[in-house]
Amino acid sequence: MTAEMVAPAWMHQQLTAEQYDSLSEEQSRGIEIVDGMVVMVPSASLMHNRLAKKIAVALELAGAPGWFADLDFDVRLQDVPLTVRRPDVVVYRAGTVDTVP
């Protein structure tokens, strides 16, 4: 096993919301946090992503004004213990998502 294959120490301990917020975009890509613990999320297949896109477009077209359906962003469900998921499709009301990085 090479050094590149060893996960960093922060991936083996419970993370707080503050620690998660300090991660770079590269560090947080490909992971979810469940009850404070890092869970690796493999990349989806091309077909999976195409289907998710079609579902998001259909949901947004069918939805009421002021509702959006999007792909590929983290959804923070709770801070203690920290739970951050990255669902395939997220439907949300305009103004409820923090768009400032």
# chains A, B, ... in the order shown; residues from 1 in each chain; ligands from 1
>>> residues_around(residues="A:Val91", least_positions_apart="3", cutoff="10 Å", atoms="only C-alpha atoms", output="PyMOL selection string")
chain A and resi 56+59-60+63+67-71+94
>>> residues_around(residues="A:Gln27", least_positions_apart="4", cutoff="10 Å", atoms="only C-alpha atoms", output="PDB file with C-alpha atoms, in the first residue's frame")
ATOM      1  CA  PRO A   8      -6.127  10.933   6.148  1.00  0.00           C
ATOM      2  CA  MET A  11     -11.570  10.379   7.890  1.00  0.00           C
ATOM      3  CA  TYR A  20     -16.488  19.754   8.108  1.00  0.00           C
ATOM      4  CA  SER A  22     -13.078  23.791   7.171  1.00  0.00           C
ATOM      5  CA  LEU A  23     -12.581  20.999   4.607  1.00  0.00           C
ATOM      6  CA  ILE A  31     -17.872  11.702   0.933  1.00  0.00           C
TER       7      ILE A  31
END
>>> select_by_dssp(residues="chain A", states="strand (DSSP E)", output="short mmCIF file (atom, residue, chain, number, x, y, z; two decimals) with N, CA, C and O atoms, in the first residue's frame")
data_model
loop_
_atom_site.label_atom_id
_atom_site.label_comp_id
_atom_site.auth_asym_id
_atom_site.auth_seq_id
_atom_site.Cartn_x
_atom_site.Cartn_y
_atom_site.Cartn_z
N ILE A 31 -17.58 12.22 -0.41
CA ILE A 31 -17.87 11.70 0.93
C ILE A 31 -19.24 12.20 1.39
O ILE A 31 -19.75 13.20 0.90
N GLU A 32 -19.81 11.46 2.30
CA GLU A 32 -20.97 11.90 3.06
C GLU A 32 -20.59 11.74 4.53
O GLU A 32 -19.64 11.02 4.86
N ILE A 33 -21.31 12.41 5.40
CA ILE A 33 -21.07 12.31 6.83
C ILE A 33 -22.33 11.75 7.47
O ILE A 33 -23.42 12.34 7.29
N VAL A 34 -22.21 10.65 8.18
CA VAL A 34 -23.35 10.01 8.83
C VAL A 34 -23.02 9.90 10.32
O VAL A 34 -22.06 9.23 10.69
N MET A 37 -19.43 10.49 11.16
CA MET A 37 -18.39 9.64 10.58
C MET A 37 -18.39 9.75 9.06
O MET A 37 -19.44 9.82 8.42
N VAL A 38 -17.20 9.76 8.48
CA VAL A 38 -17.04 9.87 7.03
C VAL A 38 -17.42 8.56 6.37
O VAL A 38 -17.02 7.49 6.79
N VAL A 39 -18.23 8.67 5.31
CA VAL A 39 -18.61 7.52 4.49
C VAL A 39 -18.21 7.85 3.06
O VAL A 39 -18.61 8.88 2.53
N MET A 40 -17.40 7.00 2.47
CA MET A 40 -16.98 7.21 1.08
C MET A 40 -18.15 6.91 0.15
O MET A 40 -18.86 5.93 0.34
N TRP A 67 -40.17 26.41 -6.84
CA TRP A 67 -39.56 25.14 -6.43
C TRP A 67 -38.54 24.74 -7.48
O TRP A 67 -38.75 24.92 -8.67
N PHE A 68 -37.43 24.19 -7.03
CA PHE A 68 -36.36 23.77 -7.92
C PHE A 68 -36.00 22.31 -7.67
O PHE A 68 -36.19 21.80 -6.56
N ALA A 69 -35.44 21.67 -8.68
CA ALA A 69 -34.89 20.32 -8.55
C ALA A 69 -33.48 20.38 -9.11
O ALA A 69 -33.27 20.80 -10.24
N ASP A 70 -32.49 19.98 -8.31
CA ASP A 70 -31.09 20.06 -8.74
C ASP A 70 -30.35 18.79 -8.37
O ASP A 70 -30.84 17.94 -7.62
N VAL A 75 -26.41 18.18 1.21
CA VAL A 75 -27.57 18.56 2.01
C VAL A 75 -27.22 18.28 3.46
O VAL A 75 -26.99 17.14 3.85
N ARG A 76 -27.16 19.35 4.24
CA ARG A 76 -26.81 19.21 5.65
C ARG A 76 -28.10 18.99 6.43
O ARG A 76 -28.94 19.87 6.54
N LEU A 77 -28.24 17.80 6.98
CA LEU A 77 -29.47 17.43 7.66
C LEU A 77 -29.47 17.78 9.14
O LEU A 77 -30.51 18.10 9.70
N GLN A 78 -28.31 17.68 9.77
CA GLN A 78 -28.20 18.07 11.18
C GLN A 78 -26.74 18.32 11.53
O GLN A 78 -25.85 17.83 10.85
N ASP A 79 -26.53 19.12 12.58
CA ASP A 79 -25.17 19.46 13.00
C ASP A 79 -24.65 18.56 14.11
O ASP A 79 -23.45 18.37 14.24
N LEU A 82 -23.19 15.40 13.27
CA LEU A 82 -23.19 15.92 11.91
C LEU A 82 -23.66 14.84 10.92
O LEU A 82 -23.18 13.72 10.93
N THR A 83 -24.61 15.23 10.07
CA THR A 83 -25.06 14.36 8.99
C THR A 83 -25.20 15.21 7.74
O THR A 83 -25.97 16.16 7.70
N VAL A 84 -24.39 14.86 6.73
CA VAL A 84 -24.38 15.55 5.44
C VAL A 84 -24.51 14.49 4.36
O VAL A 84 -23.69 13.59 4.28
N ARG A 85 -25.55 14.59 3.55
CA ARG A 85 -25.79 13.63 2.48
C ARG A 85 -25.71 14.33 1.13
O ARG A 85 -25.86 15.54 1.03
N VAL A 90 -32.35 16.72 -5.52
CA VAL A 90 -32.87 17.46 -4.39
C VAL A 90 -33.95 18.41 -4.89
O VAL A 90 -33.72 19.17 -5.83
N VAL A 91 -35.13 18.36 -4.28
CA VAL A 91 -36.21 19.29 -4.60
C VAL A 91 -36.33 20.24 -3.40
O VAL A 91 -36.42 19.80 -2.26
N TYR A 92 -36.31 21.54 -3.69
CA TYR A 92 -36.32 22.52 -2.60
C TYR A 92 -37.02 23.79 -3.04
O TYR A 92 -37.12 24.09 -4.22
N ARG A 93 -37.50 24.53 -2.04
CA ARG A 93 -38.17 25.80 -2.28
C ARG A 93 -37.10 26.89 -2.45
O ARG A 93 -36.11 26.92 -1.73
#
>>> atom_distance(atom1="atom CA of A:His48", atom2="atom CA of A:Val97")
24.5 Å
>>> select_by_dssp(residues="chain A", states="helix (DSSP H, G or I)", output="NGL selection string")
:A and (3-5 or 9-12 or 17-21 or 25-28 or 46-62)
>>> atom_distance(atom1="atom CA of A:Ser28", atom2="atom CA of A:Leu51")
23.9 Å
>>> closest_residue(among="A:Ile55, A:Gly30, A:Val6, A:Thr16", to="A:Ser43", atoms="only C-alpha atoms")
A:Gly30
>>> closest_residue(among="A:Pro42, A:Pro81, A:Pro65, A:Pro87", to="A:Leu15", atoms="only C-alpha atoms")
A:Pro81
>>> closest_residue(among="A:Ala58, A:Asp35, A:Val80, A:Ser45", to="A:Ala17", atoms="only C-alpha atoms")
A:Val80
